[in-house]
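Colleague: Below is the file protein_31.pdb, with PDB, C-alpha atoms.
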ATOM      1  CA  MET A   5       0.000   0.000   0.000  1.00  0.00           C
ATOM      2  CA  THR A   6       1.279   3.423  -0.894  1.00  0.00           C
ATOM      3  CA  GLU A   7       0.064   6.653   0.621  1.00  0.00           C
ATOM      4  CA  MET A   8      -0.604   9.940  -1.104  1.00  0.00           C
ATOM      5  CA  GLY A   9       0.209  13.368   0.289  1.00  0.00           C
ATOM      6  CA  LYS A  10      -1.694  16.667   0.001  1.00  0.00           C
ATOM      7  CA  GLU A  11      -4.743  16.805  -2.295  1.00  0.00           C
ATOM      8  CA  THR A  12      -4.596  14.175  -5.004  1.00  0.00           C
ATOM      9  CA  ALA A  13      -6.986  12.008  -6.993  1.00  0.00           C
ATOM     10  CA  PRO A  14      -6.123   8.964  -9.118  1.00  0.00           C
ATOM     11  CA  MET A  15      -6.574   9.116 -12.880  1.00  0.00           C
ATOM     12  CA  ASN A  16      -5.576   5.596 -13.965  1.00  0.00           C
ATOM     13  CA  ALA A  17      -6.829   3.399 -11.162  1.00  0.00           C
ATOM     14  CA  ALA A  18      -9.093   0.359 -11.187  1.00  0.00           C
ATOM     15  CA  GLU A  19     -12.423  -0.101  -9.393  1.00  0.00           C
ATOM     16  CA  PRO A  20     -12.405   0.784  -5.665  1.00  0.00           C
ATOM     17  CA  SER A  21     -11.516  -2.077  -3.332  1.00  0.00           C
ATOM     18  CA  ARG A  22     -10.864  -2.486   0.385  1.00  0.00           C
ATOM     19  CA  TRP A  23      -8.252  -5.220  -0.120  1.00  0.00           C
ATOM     20  CA  ARG A  24      -4.897  -5.739  -1.825  1.00  0.00           C
ATOM     21  CA  ARG A  25      -2.708  -2.691  -2.393  1.00  0.00           C
ATOM     22  CA  LYS A  26      -4.448   0.556  -1.451  1.00  0.00           C
ATOM     23  CA  VAL A  27      -3.866   4.162  -2.353  1.00  0.00           C
ATOM     24  CA  ASN A  28      -5.249   6.374   0.367  1.00  0.00           C
ATOM     25  CA  LEU A  29      -6.883   9.519  -0.999  1.00  0.00           C
ATOM     26  CA  ALA A  30      -8.342  11.029   2.149  1.00  0.00           C
ATOM     27  CA  ALA A  31      -7.019  14.206   3.728  1.00  0.00           C
ATOM     28  CA  SER A  32      -4.459  12.665   6.021  1.00  0.00           C
ATOM     29  CA  ALA A  33      -4.562  14.744   9.181  1.00  0.00           C
ATOM     30  CA  ALA A  34      -8.359  15.015   9.264  1.00  0.00           C
ATOM     31  CA  VAL A  35      -9.024  11.324   8.675  1.00  0.00           C
ATOM     32  CA  ALA A  36      -6.436  10.188  11.194  1.00  0.00           C
ATOM     33  CA  MET A  37      -7.844  12.514  13.857  1.00  0.00           C
ATOM     34  CA  LEU A  38     -11.406  11.365  13.240  1.00  0.00           C
ATOM     35  CA  ALA A  39     -10.345   7.749  13.510  1.00  0.00           C
ATOM     36  CA  LEU A  40      -8.469   8.333  16.764  1.00  0.00           C
ATOM     37  CA  VAL A  41     -11.510   9.897  18.404  1.00  0.00           C
ATOM     38  CA  GLY A  42     -13.765   7.120  17.202  1.00  0.00           C
ATOM     39  CA  CYS A  43     -15.583   8.891  14.366  1.00  0.00           C
ATOM     40  CA  LYS A  44     -16.265   7.212  11.074  1.00  0.00           C
ATOM     41  CA  ALA A  45     -14.584   8.638   7.972  1.00  0.00           C
ATOM     42  CA  ASP A  46     -14.793   7.629   4.334  1.00  0.00           C
ATOM     43  CA  VAL A  47     -11.486   6.446   2.888  1.00  0.00           C
ATOM     44  CA  ILE A  48     -11.398   5.879  -0.856  1.00  0.00           C
ATOM     45  CA  SER A  49      -9.014   3.176  -2.030  1.00  0.00           C
ATOM     46  CA  TYR A  50      -8.212   1.681  -5.426  1.00  0.00           C
ATOM     47  CA  ASP A  51      -7.003  -1.732  -6.457  1.00  0.00           C
ATOM     48  CA  LEU A  52      -3.624  -1.280  -8.187  1.00  0.00           C
ATOM     49  CA  PRO A  53      -1.182  -3.751  -9.755  1.00  0.00           C
ATOM     50  CA  ALA A  54       1.798  -4.914  -7.703  1.00  0.00           C
ATOM     51  CA  GLU A  55       4.331  -4.296 -10.468  1.00  0.00           C
ATOM     52  CA  SER A  56       5.901  -0.914 -11.156  1.00  0.00           C
ATOM     53  CA  ALA A  57       3.637   1.407 -13.158  1.00  0.00           C
ATOM     54  CA  ARG A  58       3.332   5.070 -14.085  1.00  0.00           C
ATOM     55  CA  TYR A  59       0.549   7.103 -12.454  1.00  0.00           C
ATOM     56  CA  THR A  60      -0.922  10.565 -12.921  1.00  0.00           C
ATOM     57  CA  PHE A  61      -2.696  12.525 -10.188  1.00  0.00           C
ATOM     58  CA  GLN A  62      -4.359  15.897 -10.573  1.00  0.00           C
ATOM     59  CA  ALA A  63      -5.715  18.485  -8.162  1.00  0.00           C
ATOM     60  CA  GLU A  64      -7.136  21.999  -8.356  1.00  0.00           C
ATOM     61  CA  THR A  65      -7.289  24.386  -5.397  1.00  0.00           C
ATOM     62  CA  ASN A  66      -8.431  27.993  -5.694  1.00  0.00           C
ATOM     63  CA  GLY A  67      -7.776  27.894  -9.434  1.00  0.00           C
ATOM     64  CA  VAL A  68      -4.234  26.547  -9.068  1.00  0.00           C
ATOM     65  CA  LYS A  69      -3.914  23.343 -11.106  1.00  0.00           C
ATOM     66  CA  THR A  70      -1.332  20.704 -10.211  1.00  0.00           C
ATOM     67  CA  ALA A  71      -0.572  17.441 -12.029  1.00  0.00           C
ATOM     68  CA  TRP A  72       1.883  14.836 -10.744  1.00  0.00           C
ATOM     69  CA  GLU A  73       3.423  11.966 -12.690  1.00  0.00           C
ATOM     70  CA  TYR A  74       5.399   9.338 -10.826  1.00  0.00           C
ATOM     71  CA  THR A  75       6.272   5.652 -10.737  1.00  0.00           C
ATOM     72  CA  SER A  76       4.970   3.371  -7.999  1.00  0.00           C
ATOM     73  CA  ASP A  77       4.984  -0.313  -7.126  1.00  0.00           C
ATOM     74  CA  ARG A  78       3.894  -2.439  -4.174  1.00  0.00           C
ATOM     75  CA  PRO A  79       6.098  -1.783  -1.120  1.00  0.00           C
ATOM     76  CA  THR A  80       7.647  -4.878   0.454  1.00  0.00           C
ATOM     77  CA  LYS A  81       7.987  -3.270   3.876  1.00  0.00           C
ATOM     78  CA  SER A  82       6.623  -0.221   5.646  1.00  0.00           C
ATOM     79  CA  ASP A  83       8.640   2.979   5.397  1.00  0.00           C
ATOM     80  CA  THR A  84       6.956   5.551   7.638  1.00  0.00           C
ATOM     81  CA  PRO A  85       8.141   7.274  10.830  1.00  0.00           C
ATOM     82  CA  THR A  86       6.672   5.823  14.018  1.00  0.00           C
ATOM     83  CA  SER A  87       5.660   9.353  15.031  1.00  0.00           C
ATOM     84  CA  GLN A  88       3.593   9.722  11.828  1.00  0.00           C
ATOM     85  CA  PRO A  89       1.954   6.391  11.021  1.00  0.00           C
ATOM     86  CA  CYS A  90       0.304   5.636   7.716  1.00  0.00           C
ATOM     87  CA  ILE A  91      -3.341   6.730   7.634  1.00  0.00           C
ATOM     88  CA  ALA A  92      -4.488   3.269   6.635  1.00  0.00           C
ATOM     89  CA  ASP A  93      -2.822   1.806   9.728  1.00  0.00           C
ATOM     90  CA  VAL A  94      -5.473   3.723  11.668  1.00  0.00           C
ATOM     91  CA  VAL A  95      -8.551   3.423   9.447  1.00  0.00           C
ATOM     92  CA  VAL A  96      -8.097   0.215   7.375  1.00  0.00           C
ATOM     93  CA  LYS A  97      -8.037  -3.301   8.803  1.00  0.00           C
ATOM     94  CA  GLU A  98      -4.845  -5.219   7.862  1.00  0.00           C
ATOM     95  CA  PRO A  99      -3.562  -2.581   5.407  1.00  0.00           C
ATOM     96  CA  GLY A 100      -0.191  -4.202   4.732  1.00  0.00           C
ATOM     97  CA  PRO A 101       3.158  -2.399   4.181  1.00  0.00           C
ATOM     98  CA  CYS A 102       2.877   1.345   3.654  1.00  0.00           C
ATOM     99  CA  ARG A 103       5.090   4.189   2.393  1.00  0.00           C
ATOM    100  CA  PRO A 104       4.512   7.766   1.186  1.00  0.00           C
ATOM    101  CA  GLU A 105       4.641   8.446  -2.546  1.00  0.00           C
ATOM    102  CA  PRO A 106       7.488  10.634  -3.937  1.00  0.00           C
ATOM    103  CA  LEU A 107       5.320  13.534  -5.039  1.00  0.00           C
ATOM    104  CA  ILE A 108       7.144  16.794  -5.734  1.00  0.00           C
ATOM    105  CA  PHE A 109       5.619  19.884  -4.118  1.00  0.00           C
ATOM    106  CA  LEU A 110       6.595  23.460  -4.959  1.00  0.00           C
ATOM    107  CA  ARG A 111       7.357  26.402  -2.684  1.00  0.00           C
ATOM    108  CA  TYR A 112       7.616  29.942  -4.076  1.00  0.00           C
ATOM    109  CA  ASP A 113       9.412  33.108  -3.061  1.00  0.00           C
ATOM    110  CA  LEU A 114       8.018  35.627  -5.544  1.00  0.00           C
ATOM    111  CA  GLY A 115      10.033  38.568  -4.241  1.00  0.00           C
ATOM    112  CA  LEU A 116       7.001  40.846  -4.024  1.00  0.00           C
ATOM    113  CA  ASP A 117       6.605  44.164  -2.225  1.00  0.00           C
ATOM    114  CA  LEU A 118       4.301  44.619   0.763  1.00  0.00           C
ATOM    115  CA  ASP A 119       1.283  45.126  -1.522  1.00  0.00           C
ATOM    116  CA  ASN A 120       2.002  41.764  -3.232  1.00  0.00           C
ATOM    117  CA  THR A 121       2.971  43.417  -6.506  1.00  0.00           C
ATOM    118  CA  ALA A 122       6.161  43.642  -8.567  1.00  0.00           C
ATOM    119  CA  LYS A 123       7.449  46.423 -10.792  1.00  0.00           C
ATOM    120  CA  ALA A 124       6.483  46.360 -14.472  1.00  0.00           C
ATOM    121  CA  ASN A 125       8.912  46.723 -17.362  1.00  0.00           C
ATOM    122  CA  ARG A 126      11.869  45.099 -15.629  1.00  0.00           C
ATOM    123  CA  LEU A 127      13.611  41.751 -15.050  1.00  0.00           C
ATOM    124  CA  HIS A 128      12.190  40.140 -11.913  1.00  0.00           C
ATOM    125  CA  PRO A 129      13.696  37.091 -10.131  1.00  0.00           C
ATOM    126  CA  ILE A 130      11.609  34.498  -8.293  1.00  0.00           C
ATOM    127  CA  THR A 131      12.775  31.440  -6.358  1.00  0.00           C
ATOM    128  CA  VAL A 132      11.110  28.029  -6.667  1.00  0.00           C
ATOM    129  CA  THR A 133      11.971  25.151  -4.331  1.00  0.00           C
ATOM    130  CA  GLY A 134      10.880  21.551  -4.792  1.00  0.00           C
ATOM    131  CA  TYR A 135      10.259  19.455  -1.709  1.00  0.00           C
ATOM    132  CA  TYR A 136       8.729  16.167  -0.583  1.00  0.00           C
ATOM    133  CA  GLN A 137       6.706  14.897   2.335  1.00  0.00           C
ATOM    134  CA  ASP A 138       8.765  14.900   5.539  1.00  0.00           C
ATOM    135  CA  ARG A 139       7.713  11.288   6.031  1.00  0.00           C
ATOM    136  CA  LEU A 140       9.604  10.167   2.899  1.00  0.00           C
ATOM    137  CA  SER A 141      12.826   8.625   4.250  1.00  0.00           C
ATOM    138  CA  THR A 142      14.912   8.821   1.042  1.00  0.00           C
ATOM    139  CA  PRO A 143      13.473  11.565  -1.183  1.00  0.00           C
ATOM    140  CA  PRO A 144      14.849  12.018  -4.726  1.00  0.00           C
ATOM    141  CA  THR A 145      16.550  15.241  -5.837  1.00  0.00           C
ATOM    142  CA  VAL A 146      14.887  17.780  -8.114  1.00  0.00           C
ATOM    143  CA  THR A 147      17.254  18.115 -11.074  1.00  0.00           C
ATOM    144  CA  GLU A 148      15.351  20.246 -13.574  1.00  0.00           C
ATOM    145  CA  LEU A 149      12.888  23.113 -13.446  1.00  0.00           C
ATOM    146  CA  ARG A 150      11.155  24.761 -16.386  1.00  0.00           C
ATOM    147  CA  ALA A 151       9.273  28.019 -15.952  1.00  0.00           C
ATOM    148  CA  GLU A 152       6.827  29.839 -18.217  1.00  0.00           C
ATOM    149  CA  ALA A 153       5.031  33.140 -17.727  1.00  0.00           C
ATOM    150  CA  SER A 154       1.845  34.506 -19.247  1.00  0.00           C
ATOM    151  CA  PHE A 155       0.729  38.130 -19.313  1.00  0.00           C
ATOM    152  CA  ASP A 156      -2.598  37.612 -21.101  1.00  0.00           C
ATOM    153  CA  GLY A 157      -4.440  35.289 -18.724  1.00  0.00           C
ATOM    154  CA  GLY A 158      -2.865  32.070 -19.977  1.00  0.00           C
ATOM    155  CA  LYS A 159      -3.648  32.516 -23.668  1.00  0.00           C
ATOM    156  CA  THR A 160       0.038  32.514 -24.563  1.00  0.00           C
ATOM    157  CA  TRP A 161       3.090  31.440 -22.582  1.00  0.00           C
ATOM    158  CA  GLN A 162       6.680  32.637 -22.732  1.00  0.00           C
ATOM    159  CA  PRO A 163       9.669  30.560 -21.560  1.00  0.00           C
ATOM    160  CA  VAL A 164      11.592  31.936 -18.590  1.00  0.00           C
ATOM    161  CA  THR A 165      15.315  31.512 -18.009  1.00  0.00           C
ATOM    162  CA  THR A 166      16.056  29.399 -14.911  1.00  0.00           C
ATOM    163  CA  LYS A 167      19.178  28.242 -13.128  1.00  0.00           C
ATOM    164  CA  ALA A 168      19.915  25.919 -10.220  1.00  0.00           C
ATOM    165  CA  ASP A 169      20.513  27.796  -6.985  1.00  0.00           C
ATOM    166  CA  GLY A 170      21.103  25.114  -4.360  1.00  0.00           C
ATOM    167  CA  LYS A 171      19.610  21.692  -3.675  1.00  0.00           C
ATOM    168  CA  ASN A 172      16.079  21.449  -5.130  1.00  0.00           C
ATOM    169  CA  THR A 173      16.076  25.252  -5.520  1.00  0.00           C
ATOM    170  CA  PHE A 174      15.970  27.275  -8.731  1.00  0.00           C
ATOM    171  CA  THR A 175      15.886  30.945  -9.675  1.00  0.00           C
ATOM    172  CA  ALA A 176      13.731  32.108 -12.588  1.00  0.00           C
ATOM    173  CA  ARG A 177      14.124  35.588 -14.094  1.00  0.00           C
ATOM    174  CA  ILE A 178      10.914  36.928 -15.615  1.00  0.00           C
ATOM    175  CA  LYS A 179      10.979  39.862 -18.054  1.00  0.00           C
ATOM    176  CA  HIS A 180       7.944  41.906 -17.057  1.00  0.00           C
ATOM    177  CA  PRO A 181       6.187  43.904 -19.772  1.00  0.00           C
ATOM    178  CA  LYS A 182       4.772  47.371 -19.252  1.00  0.00           C
ATOM    179  CA  HIS A 183       1.852  47.578 -16.840  1.00  0.00           C
ATOM    180  CA  ASP A 184      -0.780  48.081 -19.554  1.00  0.00           C
ATOM    181  CA  GLN A 185       0.471  44.954 -21.367  1.00  0.00           C
ATOM    182  CA  ALA A 186      -0.383  42.739 -18.390  1.00  0.00           C
ATOM    183  CA  PRO A 187      -3.549  44.222 -16.846  1.00  0.00           C
ATOM    184  CA  GLY A 188      -4.474  40.890 -15.255  1.00  0.00           C
ATOM    185  CA  GLY A 189      -1.057  40.294 -13.734  1.00  0.00           C
ATOM    186  CA  VAL A 190       1.412  37.465 -14.196  1.00  0.00           C
ATOM    187  CA  ALA A 191       0.485  33.799 -14.527  1.00  0.00           C
ATOM    188  CA  LEU A 192       3.090  31.096 -13.912  1.00  0.00           C
ATOM    189  CA  ARG A 193       3.461  27.541 -15.195  1.00  0.00           C
ATOM    190  CA  ILE A 194       6.209  25.560 -13.479  1.00  0.00           C
ATOM    191  CA  THR A 195       7.391  22.034 -14.306  1.00  0.00           C
ATOM    192  CA  ALA A 196       9.864  20.243 -12.021  1.00  0.00           C
ATOM    193  CA  THR A 197      11.510  16.843 -12.574  1.00  0.00           C
ATOM    194  CA  ASP A 198      13.628  14.773 -10.188  1.00  0.00           C
ATOM    195  CA  ASN A 199      16.366  12.169 -10.665  1.00  0.00           C
ATOM    196  CA  ALA A 200      13.844   9.342 -10.282  1.00  0.00           C
ATOM    197  CA  GLY A 201      11.799  10.535 -13.261  1.00  0.00           C
ATOM    198  CA  ASN A 202       8.916  11.943 -11.185  1.00  0.00           C
ATOM    199  CA  ASN A 203       7.545  15.313 -12.216  1.00  0.00           C
ATOM    200  CA  VAL A 204       4.991  17.928 -11.318  1.00  0.00           C
ATOM    201  CA  LYS A 205       3.392  20.689 -13.402  1.00  0.00           C
ATOM    202  CA  GLN A 206       1.696  23.547 -11.591  1.00  0.00           C
ATOM    203  CA  THR A 207      -0.253  26.386 -13.199  1.00  0.00           C
ATOM    204  CA  ILE A 208      -1.007  29.535 -11.194  1.00  0.00           C
ATOM    205  CA  PRO A 209      -3.483  31.688 -13.153  1.00  0.00           C
ATOM    206  CA  GLN A 210      -2.608  34.888 -11.276  1.00  0.00           C
ATOM    207  CA  ALA A 211       0.587  34.638  -9.276  1.00  0.00           C
ATOM    208  CA  TYR A 212       0.908  38.405  -8.751  1.00  0.00           C
ATOM    209  CA  ARG A 213       0.096  41.765 -10.290  1.00  0.00           C
ATOM    210  CA  LEU A 214       2.333  44.458 -11.736  1.00  0.00           C
ATOM    211  CA  ARG A 215       2.465  48.119 -10.782  1.00  0.00           C
TER     212      ARG A 215
END
Starting from the file, give its structure as structure tokens.

Modeller:
Amino acid sequence: MTEMGKETAPMNAAEPSRWRRKVNLAASAAVAMLALVGCKADVISYDLPAESARYTFQAETNGVKTAWEYTSDRPTKSDTPTSQPCIADVVVKEPGPCRPEPLIFLRYDLGLDLDNTAKANRLHPITVTGYYQDRLSTPPTVTELRAEASFDGGKTWQPVTTKADGKNTFTARIKHPKHDQAPGGVALRITATDNAGNNVKQTIPQAYRLR
């Protein structure tokens, strides 16, 4: 059984099942807490093959779209900290071995002023850091990051120059147009890939506005 992190939903899974290998799709902290206090909570699980396979998960929160692609197979032994047990250990009877999935998450430092804006008509650096669930004992390393910016609400996208700036951290330099050429602000589309072949693509329809 493998365990998802954050908000994810399976795209290429079989019919739901309570047995064999499970992928837990419930919000982890909430479900675990409900189970500990004796409340019932719905946990959706899917019957997946034991052999290694490629999976895609997608989520959308407040207009921000995220799609993960990663490889998973059946774990042979549990790989979770004792202080943070697998959700299914609490809510599923005889769940079997469990480990978190190596999903890449993205953290941004947009370098904005106090009003959450950036200056127009100039080169503007932002910092993007890839990270994994703390519960993953041997996380991969993010080796590549591609950035794109849009100034017309996502109709067209322009590539942004990026460079590595420390482990899992990258700097992207965005050439801002004049204010009237981006009345809706700046949209970002970021794609990160790690040395295990996992990747994530995140689209932020309005990351910040120009002044």

Colleague: Name the residues that the PyMOL selection byres ((chain A and resi 128) around 8) picks from the file above, as a PDB file with C-alpha atoms, in the frame of the given file, using the file's chain letters and numbers.

Modeller:
ATOM      1  CA  ALA A 122       6.161  43.642  -8.567  1.00  0.00           C
ATOM      2  CA  LYS A 123       7.449  46.423 -10.792  1.00  0.00           C
ATOM      3  CA  ARG A 126      11.869  45.099 -15.629  1.00  0.00           C
ATOM      4  CA  LEU A 127      13.611  41.751 -15.050  1.00  0.00           C
ATOM      5  CA  PRO A 129      13.696  37.091 -10.131  1.00  0.00           C
ATOM      6  CA  ILE A 130      11.609  34.498  -8.293  1.00  0.00           C
ATOM      7  CA  ARG A 177      14.124  35.588 -14.094  1.00  0.00           C
ATOM      8  CA  ILE A 178      10.914  36.928 -15.615  1.00  0.00           C
ATOM      9  CA  LYS A 179      10.979  39.862 -18.054  1.00  0.00           C
ATOM     10  CA  HIS A 180       7.944  41.906 -17.057  1.00  0.00           C
TER      11      HIS A 180
END

Colleague: Apply the PyMOL selection byres ((chain A and resi 79) around 9) to the structure shown and report the selected residues as a ChimeraX atom specification.

Modeller: /A:5-6,25,54,76-78,80-83,100-103

Colleague: Skip A:Ala191 itself and residues of its chain fewer than 4 positions away, then list as a PyMOL selection string all residues within 10 Å of it, counting all atoms listed in the file.

Modeller: chain A and resi 152-158+161+186+207-213

Colleague: For A:Arg139, which residue among A:Pro106, A:Pro163, A:Gly115, A:Gly170 is the nearest when counting all atoms listed in the file?

Modeller: A:Pro106

Colleague: Which is closer to A:Thr197 than all the others in A:Ser141, A:Thr173, A:Thr147, A:Asn125, using all atoms listed in the file?

Modeller: A:Thr147

Colleague: Using atom CA of A:Arg150 and atom CA of A:Thr60 as the two end points, give the distance in Å to one decimal.

Modeller: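 Separation of atom CA of A:Arg150 and atom CA of A:Thr60: 19.0 Å.
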
Colleague: I'd like the residues picked by the PyMOL selection byres ((chain A and resi 172) around 8) written out as JSON, numbers by chain, using the chain letters and numbers from the file.

Modeller: {"A": [133, 134, 135, 145, 146, 147, 168, 169, 170, 171, 173, 174]}

Colleague: Could you please determine the separation between atom CA of A:Tyr74 and atom CA of A:Pro53 in Å, to one decimal place?

Modeller: 14.7 Å

Colleague: I'd like to know which of A:Gly67, A:Ile91, A:Leu116, A:Glu148 is closest to A:Thr175, using all atoms listed in the file.

Modeller: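 Going through A:Gly67, A:Ile91, A:Leu116, A:Glu148 one by one, the smallest distance to A:Thr175 is for A:Glu148.
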
Colleague: Closest to A:Leu114 among A:Ala176, A:Lys159, A:Arg58, A:Pro187, using only C-alpha atoms?

Modeller: A:Ala176

Colleague: Which of these residues is nearest to A:Asp119, using only C-alpha atoms: A:Ala151, A:Leu214, A:Leu52, A:Val68?

Modeller: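 The closest residue to A:Asp119 is A:Leu214.
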
Colleague: Between A:Glu64, A:Lys69, A:Ala124, A:Tyr136, which is the closest to A:Leu110 once you count only C-alpha atoms?

Modeller: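 Selected residue with least distance to A:Leu110: A:Tyr136.
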
Colleague: Kindly give the distance, in Å, that separates atom CA of A:Gly189 and atom CA of A:Asn120, rounded to a single decimal.

Modeller: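 Spanning atom CA of A:Gly189 to atom CA of A:Asn120 is a straight-line distance of 11.0 Å.
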
Colleague: Using the partial input, fill out stretch 137-149 of chain A with N, CA and C atoms; write the result as a compact mmCIF listing (two decimals), in the frame of the given file.

Modeller:
# COMPACT_ATOMS: atom_id res chain seq x y z
N GLN A 137 7.25 15.12 1.01
CA GLN A 137 6.71 14.90 2.34
C GLN A 137 7.84 14.60 3.32
N ASP A 138 7.75 15.16 4.52
CA ASP A 138 8.76 14.90 5.54
C ASP A 138 8.86 13.41 5.87
N ARG A 139 7.77 12.70 5.66
CA ARG A 139 7.71 11.29 6.03
C ARG A 139 8.44 10.39 5.04
N LEU A 140 8.89 10.95 3.90
CA LEU A 140 9.60 10.17 2.90
C LEU A 140 11.07 10.04 3.35
N SER A 141 11.51 8.82 3.64
CA SER A 141 12.83 8.62 4.25
C SER A 141 13.98 8.92 3.29
N THR A 142 13.84 8.59 2.02
CA THR A 142 14.91 8.82 1.04
C THR A 142 14.34 9.54 -0.18
N PRO A 143 14.06 10.83 -0.06
CA PRO A 143 13.47 11.56 -1.18
C PRO A 143 14.46 11.71 -2.32
N PRO A 144 13.98 11.73 -3.58
CA PRO A 144 14.85 12.02 -4.73
C PRO A 144 15.33 13.47 -4.68
N THR A 145 16.07 13.87 -5.71
CA THR A 145 16.55 15.24 -5.84
C THR A 145 15.95 15.86 -7.09
N VAL A 146 15.42 17.06 -6.96
CA VAL A 146 14.89 17.78 -8.11
C VAL A 146 16.06 18.25 -8.96
N THR A 147 16.10 17.84 -10.21
CA THR A 147 17.25 18.11 -11.07
C THR A 147 16.96 19.12 -12.18
N GLU A 148 15.70 19.35 -12.46
CA GLU A 148 15.35 20.25 -13.57
C GLU A 148 14.09 21.03 -13.25
N LEU A 149 14.08 22.29 -13.62
CA LEU A 149 12.89 23.11 -13.45
C LEU A 149 12.70 23.99 -14.68
